[in-house]
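Below is one structure, written out as structure tokens; the observations come after it.
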Amino acid sequence: MAINILIVDDSAVMRAMILKTMRMTNLPLGEIYQAANGQEGLDSLNQHWIDLVIVDINMPVMNGEEMIDRMQENPNTKEIPIIVVSTEGSRTRIERLQHKGARFIHKPFSPEIICDTIKDITGVEGNDE
Amino acid sequence: MSEQLKEILSRVVRETLEQLAFMFSLPEDERGCMIPDSAVAATISFSGSFSGRLVMTVSNQLLPELAANMLGVDEEETALNQQHDALKETINIICGNLLPAIAGNEVVFNIDAPVIITEIEAIKDVIKDNDNKLTSMVKLNIEESECDLFLFVEGEFTISS
């Protein structure tokens, strides 16, 4: 089963890096959607079927934590797995995100971390070569 | 200036560039600071248990290579806005990793959005205006190009062991 993924980060370069990293793995990727802030991310969730959200925290307009809160308030989006990819170094903030059900990946990341975390949180297996 | 702080800054920059852009850096303590007329700067402010600003200047030759390595494309394929975005993301990651490396991961910092400075006089002004807060500096050679980092901190702070 291919998974549709929404990548939310205010850096277009970082969104491209995350996408490039995912394409280096054998994950069964479906449609990839991108958004530059939490509000755009919520708009995209309203328009598309998304299986996984990868989101940064520090963004203009709406930050990643508020987007996660809004997703959890909505019955249509509260069950979607979330991976936070951020430079956040505060244990307090990381634990707060984890209590909201998000997985946390620290920037800079390795392809293995991205791949393993996606497999673990979604339950998908990689495509056989 | 604390040698320990300089070591932390050097390590964080080295590790970030290696993991983010597959770029390897060497210290160049003996040379003077980069001549800003061949450079672009990124600056990022932070506040928390201590406040300050990190400034990163990179030579114009290094900028497209940084973006190309991050994106996995040829240098000629990178647009100027992508090069600036790559530099902003790089300083954002360096700052995000530097602050807990200095203060420990129990401390909460707020990090502002990075800003690109391309005007030579503006780069000089940022460095000059904050000169009395200069706390650490590293000068690096990356792929035969120059890169300098300046850490400016307001007030006193201690390094978490």
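Order determines the names: the first chain of the structure tokens is A, the second B, and so forth; residues in each chain are numbered 1 upward, and ligands are numbered 1 upward as they are shown.
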For a quick test of understanding: name the residues of chain B lying within 8 Å of chain A when counting only C-alpha atoms, and present them as a PyMOL selection string. chain B and resi 16+19-20+67+70-72+82+85-86+89+92-93+96-97+99-100+105-109+113
Compile the contact shell of A:Leu97 as a VMD selection string: residues with an atom at most 10 Å away, counting only C-alpha atoms, same-chain residues fewer than 3 positions apart removed. chain A and resid 57 64 to 65 68 to 69 82 to 84 91 to 94 100 to 104
Could you turn the residues from that selection into a file that holds N, CA and C atoms, as a PDB file, in the first residue's frame?
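Dumped everything to selection_17.pdb:
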```pdb
ATOM      1  N   ILE A  57       8.470  22.545  13.561  1.00  0.00           N
ATOM      2  CA  ILE A  57       7.815  23.267  14.656  1.00  0.00           C
ATOM      3  C   ILE A  57       7.845  24.773  14.443  1.00  0.00           C
ATOM      4  N   GLY A  64       4.134  24.394  14.088  1.00  0.00           N
ATOM      5  CA  GLY A  64       3.807  22.971  13.992  1.00  0.00           C
ATOM      6  C   GLY A  64       3.019  22.450  15.180  1.00  0.00           C
ATOM      7  N   GLU A  65       3.310  22.965  16.368  1.00  0.00           N
ATOM      8  CA  GLU A  65       2.597  22.470  17.552  1.00  0.00           C
ATOM      9  C   GLU A  65       1.123  22.858  17.500  1.00  0.00           C
ATOM     10  N   ILE A  68      -0.611  20.567  15.118  1.00  0.00           N
ATOM     11  CA  ILE A  68      -0.868  19.259  15.732  1.00  0.00           C
ATOM     12  C   ILE A  68      -2.100  19.344  16.644  1.00  0.00           C
ATOM     13  N   ASP A  69      -2.164  20.421  17.433  1.00  0.00           N
ATOM     14  CA  ASP A  69      -3.335  20.600  18.322  1.00  0.00           C
ATOM     15  C   ASP A  69      -4.625  20.658  17.513  1.00  0.00           C
ATOM     16  N   ILE A  82       1.909  11.427  13.046  1.00  0.00           N
ATOM     17  CA  ILE A  82       2.671  12.678  12.886  1.00  0.00           C
ATOM     18  C   ILE A  82       4.124  12.445  13.283  1.00  0.00           C
ATOM     19  N   ILE A  83       5.020  12.909  12.426  1.00  0.00           N
ATOM     20  CA  ILE A  83       6.447  12.929  12.759  1.00  0.00           C
ATOM     21  C   ILE A  83       6.902  14.385  12.760  1.00  0.00           C
ATOM     22  N   VAL A  84       7.453  14.825  13.881  1.00  0.00           N
ATOM     23  CA  VAL A  84       8.019  16.174  13.964  1.00  0.00           C
ATOM     24  C   VAL A  84       9.502  16.087  13.595  1.00  0.00           C
ATOM     25  N   ARG A  91      14.219  19.334  26.131  1.00  0.00           N
ATOM     26  CA  ARG A  91      13.553  18.068  26.489  1.00  0.00           C
ATOM     27  C   ARG A  91      12.084  18.294  26.837  1.00  0.00           C
ATOM     28  N   THR A  92      11.812  19.406  27.526  1.00  0.00           N
ATOM     29  CA  THR A  92      10.431  19.721  27.912  1.00  0.00           C
ATOM     30  C   THR A  92       9.529  19.808  26.687  1.00  0.00           C
ATOM     31  N   ARG A  93       9.978  20.545  25.686  1.00  0.00           N
ATOM     32  CA  ARG A  93       9.157  20.719  24.482  1.00  0.00           C
ATOM     33  C   ARG A  93       9.037  19.403  23.700  1.00  0.00           C
ATOM     34  N   ILE A  94      10.121  18.648  23.633  1.00  0.00           N
ATOM     35  CA  ILE A  94      10.075  17.380  22.889  1.00  0.00           C
ATOM     36  C   ILE A  94       9.098  16.414  23.572  1.00  0.00           C
ATOM     37  N   LYS A 100       1.620  14.329  22.824  1.00  0.00           N
ATOM     38  CA  LYS A 100       0.532  14.561  21.863  1.00  0.00           C
ATOM     39  C   LYS A 100       0.504  13.478  20.786  1.00  0.00           C
ATOM     40  N   GLY A 101       1.380  12.501  20.925  1.00  0.00           N
ATOM     41  CA  GLY A 101       1.369  11.363  20.005  1.00  0.00           C
ATOM     42  C   GLY A 101       2.338  11.468  18.849  1.00  0.00           C
ATOM     43  N   ALA A 102       3.103  12.552  18.786  1.00  0.00           N
ATOM     44  CA  ALA A 102       4.027  12.727  17.659  1.00  0.00           C
ATOM     45  C   ALA A 102       5.353  12.023  17.939  1.00  0.00           C
ATOM     46  N   ARG A 103       5.949  11.510  16.896  1.00  0.00           N
ATOM     47  CA  ARG A 103       7.336  11.047  16.978  1.00  0.00           C
ATOM     48  C   ARG A 103       8.245  12.245  16.712  1.00  0.00           C
ATOM     49  N   PHE A 104       9.454  12.178  17.230  1.00  0.00           N
ATOM     50  CA  PHE A 104      10.364  13.308  17.067  1.00  0.00           C
ATOM     51  C   PHE A 104      11.653  12.865  16.393  1.00  0.00           C
TER      52      PHE A 104
END
```
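For the set B:Glu146, B:Ala103, B:Val115, B:Leu54, the residue with the smallest atom-to-atom gap to B:Leu134 is B:Leu54, counting only C-alpha atoms.
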task = List every residue of chain B that DSSP, applied to the backbone of this structure, assigns to alpha helix (DSSP H), and report them as a ChimeraX atom specification.
result = /B:3-21,62-71,80-103,120-129
Dump as a PDB file, in the first residue's frame, selection limited to C-alpha atoms:
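selection-v3.pdb, written as the output of this step:
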```pdb
ATOM      1  CA  GLU B   3      38.227  27.487  24.465  1.00  0.00           C
ATOM      2  CA  GLN B   4      35.493  25.121  25.602  1.00  0.00           C
ATOM      3  CA  LEU B   5      32.851  27.245  23.922  1.00  0.00           C
ATOM      4  CA  LYS B   6      34.901  27.445  20.748  1.00  0.00           C
ATOM      5  CA  GLU B   7      35.247  23.653  20.721  1.00  0.00           C
ATOM      6  CA  ILE B   8      31.481  23.253  21.119  1.00  0.00           C
ATOM      7  CA  LEU B   9      30.764  25.729  18.320  1.00  0.00           C
ATOM      8  CA  SER B  10      33.334  24.068  16.025  1.00  0.00           C
ATOM      9  CA  ARG B  11      31.957  20.594  16.720  1.00  0.00           C
ATOM     10  CA  VAL B  12      28.332  21.570  16.138  1.00  0.00           C
ATOM     11  CA  VAL B  13      29.187  23.348  12.868  1.00  0.00           C
ATOM     12  CA  ARG B  14      31.345  20.449  11.675  1.00  0.00           C
ATOM     13  CA  GLU B  15      28.722  17.808  12.494  1.00  0.00           C
ATOM     14  CA  THR B  16      25.878  19.832  10.988  1.00  0.00           C
ATOM     15  CA  LEU B  17      27.697  20.461   7.704  1.00  0.00           C
ATOM     16  CA  GLU B  18      28.746  16.822   7.426  1.00  0.00           C
ATOM     17  CA  GLN B  19      25.287  15.412   8.069  1.00  0.00           C
ATOM     18  CA  LEU B  20      23.284  18.083   6.286  1.00  0.00           C
ATOM     19  CA  ALA B  21      25.402  18.785   3.221  1.00  0.00           C
ATOM     20  CA  LEU B  62      30.494  28.081  -1.226  1.00  0.00           C
ATOM     21  CA  LEU B  63      26.843  29.100  -1.306  1.00  0.00           C
ATOM     22  CA  PRO B  64      25.759  27.228  -4.491  1.00  0.00           C
ATOM     23  CA  GLU B  65      27.739  24.168  -3.420  1.00  0.00           C
ATOM     24  CA  LEU B  66      25.982  24.126  -0.053  1.00  0.00           C
ATOM     25  CA  ALA B  67      22.552  24.286  -1.685  1.00  0.00           C
ATOM     26  CA  ALA B  68      23.468  21.722  -4.350  1.00  0.00           C
ATOM     27  CA  ASN B  69      24.708  19.230  -1.775  1.00  0.00           C
ATOM     28  CA  MET B  70      21.616  19.651   0.379  1.00  0.00           C
ATOM     29  CA  LEU B  71      19.282  19.236  -2.591  1.00  0.00           C
ATOM     30  CA  LEU B  80      19.616  32.141  -5.659  1.00  0.00           C
ATOM     31  CA  ASN B  81      16.521  31.846  -3.462  1.00  0.00           C
ATOM     32  CA  GLN B  82      17.315  28.148  -2.918  1.00  0.00           C
ATOM     33  CA  GLN B  83      20.907  29.039  -2.014  1.00  0.00           C
ATOM     34  CA  HIS B  84      19.695  31.565   0.537  1.00  0.00           C
ATOM     35  CA  ASP B  85      17.109  29.109   1.870  1.00  0.00           C
ATOM     36  CA  ALA B  86      19.844  26.473   2.246  1.00  0.00           C
ATOM     37  CA  LEU B  87      22.012  28.894   4.227  1.00  0.00           C
ATOM     38  CA  LYS B  88      19.071  29.873   6.438  1.00  0.00           C
ATOM     39  CA  GLU B  89      18.254  26.241   7.153  1.00  0.00           C
ATOM     40  CA  THR B  90      21.919  25.535   7.896  1.00  0.00           C
ATOM     41  CA  ILE B  91      22.254  28.325  10.471  1.00  0.00           C
ATOM     42  CA  ASN B  92      18.881  27.357  11.947  1.00  0.00           C
ATOM     43  CA  ILE B  93      20.093  23.787  12.511  1.00  0.00           C
ATOM     44  CA  ILE B  94      23.466  24.943  13.839  1.00  0.00           C
ATOM     45  CA  CYS B  95      21.761  27.288  16.315  1.00  0.00           C
ATOM     46  CA  GLY B  96      19.212  24.655  17.337  1.00  0.00           C
ATOM     47  CA  ASN B  97      21.984  22.210  18.132  1.00  0.00           C
ATOM     48  CA  LEU B  98      24.398  24.747  19.596  1.00  0.00           C
ATOM     49  CA  LEU B  99      22.187  26.123  22.372  1.00  0.00           C
ATOM     50  CA  PRO B 100      21.465  22.779  24.112  1.00  0.00           C
ATOM     51  CA  ALA B 101      25.121  21.831  23.612  1.00  0.00           C
ATOM     52  CA  ILE B 102      26.011  24.936  25.638  1.00  0.00           C
ATOM     53  CA  ALA B 103      23.168  25.121  28.151  1.00  0.00           C
ATOM     54  CA  ILE B 120      28.363  44.252   2.416  1.00  0.00           C
ATOM     55  CA  GLU B 121      27.899  47.258   4.671  1.00  0.00           C
ATOM     56  CA  ALA B 122      25.012  45.565   6.479  1.00  0.00           C
ATOM     57  CA  ILE B 123      27.165  42.487   7.166  1.00  0.00           C
ATOM     58  CA  LYS B 124      29.914  44.704   8.553  1.00  0.00           C
ATOM     59  CA  ASP B 125      27.389  46.632  10.645  1.00  0.00           C
ATOM     60  CA  VAL B 126      25.926  43.500  12.239  1.00  0.00           C
ATOM     61  CA  ILE B 127      29.369  42.328  13.270  1.00  0.00           C
ATOM     62  CA  LYS B 128      30.526  45.775  14.376  1.00  0.00           C
ATOM     63  CA  ASP B 129      27.328  46.639  16.265  1.00  0.00           C
TER      64      ASP B 129
END
```
Within 12 Å of A:Met62, counting only C-alpha atoms, which residues show up once you throw out same-chain ones fewer than 5 positions away? Write them as JSON, numbers by chain, please. {"A": [8, 9, 10, 35, 36, 37, 38, 39, 40, 41, 42, 43, 55, 56, 57, 67, 68, 69, 70]}
Let me see the file: selected residues, C-alpha atoms, as a CSV table (one decimal), in the first residue's frame.
```
chain,number,residue,atom,x,y,z
A,8,VAL,CA,5.1,20.9,6.3
A,9,ASP,CA,8.2,23.1,6.7
A,10,ASP,CA,8.7,26.8,5.9
A,35,ALA,CA,3.0,23.1,2.8
A,36,ALA,CA,5.0,26.1,4.1
A,37,ASN,CA,3.3,26.5,7.5
A,38,GLY,CA,0.7,24.9,9.8
A,39,GLN,CA,-2.3,26.7,8.2
A,40,GLU,CA,-1.3,25.6,4.7
A,41,GLY,CA,-0.9,22.1,6.2
A,42,LEU,CA,-4.4,22.1,7.6
A,43,ASP,CA,-5.8,23.3,4.3
A,55,VAL,CA,6.0,18.7,10.3
A,56,ASP,CA,8.5,21.3,11.5
A,57,ILE,CA,7.8,23.3,14.7
A,67,MET,CA,-1.2,22.5,13.7
A,68,ILE,CA,-0.9,19.3,15.7
A,69,ASP,CA,-3.3,20.6,18.3
A,70,ARG,CA,-5.8,21.5,15.6
```
Can you pull out the residues contacting B:Ser25? Cut-off 8 Å, using only C-alpha atoms, and skip same-chain residues under 2 positions away; I want them as a PyMOL selection string.
chain B and resi 14+17+23+27+140-143
Since we have the selection now, will you write its residues out, keeping N, CA and C atoms, as a compact mmCIF listing (two decimals), in the first residue's frame?
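So out06.txt came out as:
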```
# COMPACT_ATOMS: atom_id res chain seq x y z
N ARG B 14 30.76 21.55 12.46
CA ARG B 14 31.35 20.45 11.67
C ARG B 14 30.32 19.34 11.48
N LEU B 17 27.34 20.40 9.13
CA LEU B 17 27.70 20.46 7.70
C LEU B 17 27.93 19.07 7.13
N MET B 23 29.57 18.05 3.67
CA MET B 23 30.70 18.96 3.51
C MET B 23 31.61 18.85 4.73
N PRO B 27 39.51 23.80 10.55
CA PRO B 27 39.70 25.09 11.22
C PRO B 27 40.79 25.89 10.52
N LEU B 140 36.58 28.71 9.32
CA LEU B 140 36.68 27.38 8.72
C LEU B 140 37.04 27.46 7.25
N ASN B 141 37.67 26.39 6.80
CA ASN B 141 37.87 26.16 5.37
C ASN B 141 36.98 25.00 4.98
N ILE B 142 36.06 25.27 4.07
CA ILE B 142 35.13 24.22 3.63
C ILE B 142 35.29 24.09 2.12
N GLU B 143 35.77 22.94 1.69
CA GLU B 143 35.92 22.70 0.24
C GLU B 143 36.67 23.87 -0.42
```
Problem - Expected answer as a list in words: strand (DSSP E) residues in chain A - result: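 Result set for chain A (strand (DSSP E)): Ile3, Asn4, Ile5, Leu6, Ile7, Val8, Leu29, Gly30, Glu31, Ile32, Tyr33, Gln34, Ala35, Leu52, Val53, Ile54, Val55, Ile82, Ile83, Val84, Val85, Ser86, Arg103, Phe104, Ile105 and His106 of chain A.
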Task: Long-range neighbours of A:Pro111 as a ChimeraX atom specification, 8 Å cut-off, only C-alpha atoms, 5 positions minimum in chain - done: /A:21-22,24-25
Please produce an output containing C-alpha atoms for each residue in the selection, written as a CSV table (one decimal), in the first residue's frame.
```csv
chain,number,residue,atom,x,y,z
A,21,THR,CA,15.6,11.3,1.6
A,22,MET,CA,12.3,9.4,1.5
A,24,MET,CA,16.3,7.1,-1.3
A,25,THR,CA,14.5,4.5,0.8
```
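Each of B:Ile111, B:Val138, B:Leu149, B:Ile159 was compared to B:Ser51 using only C-alpha atoms, and B:Ile111 turns out to be the nearest.
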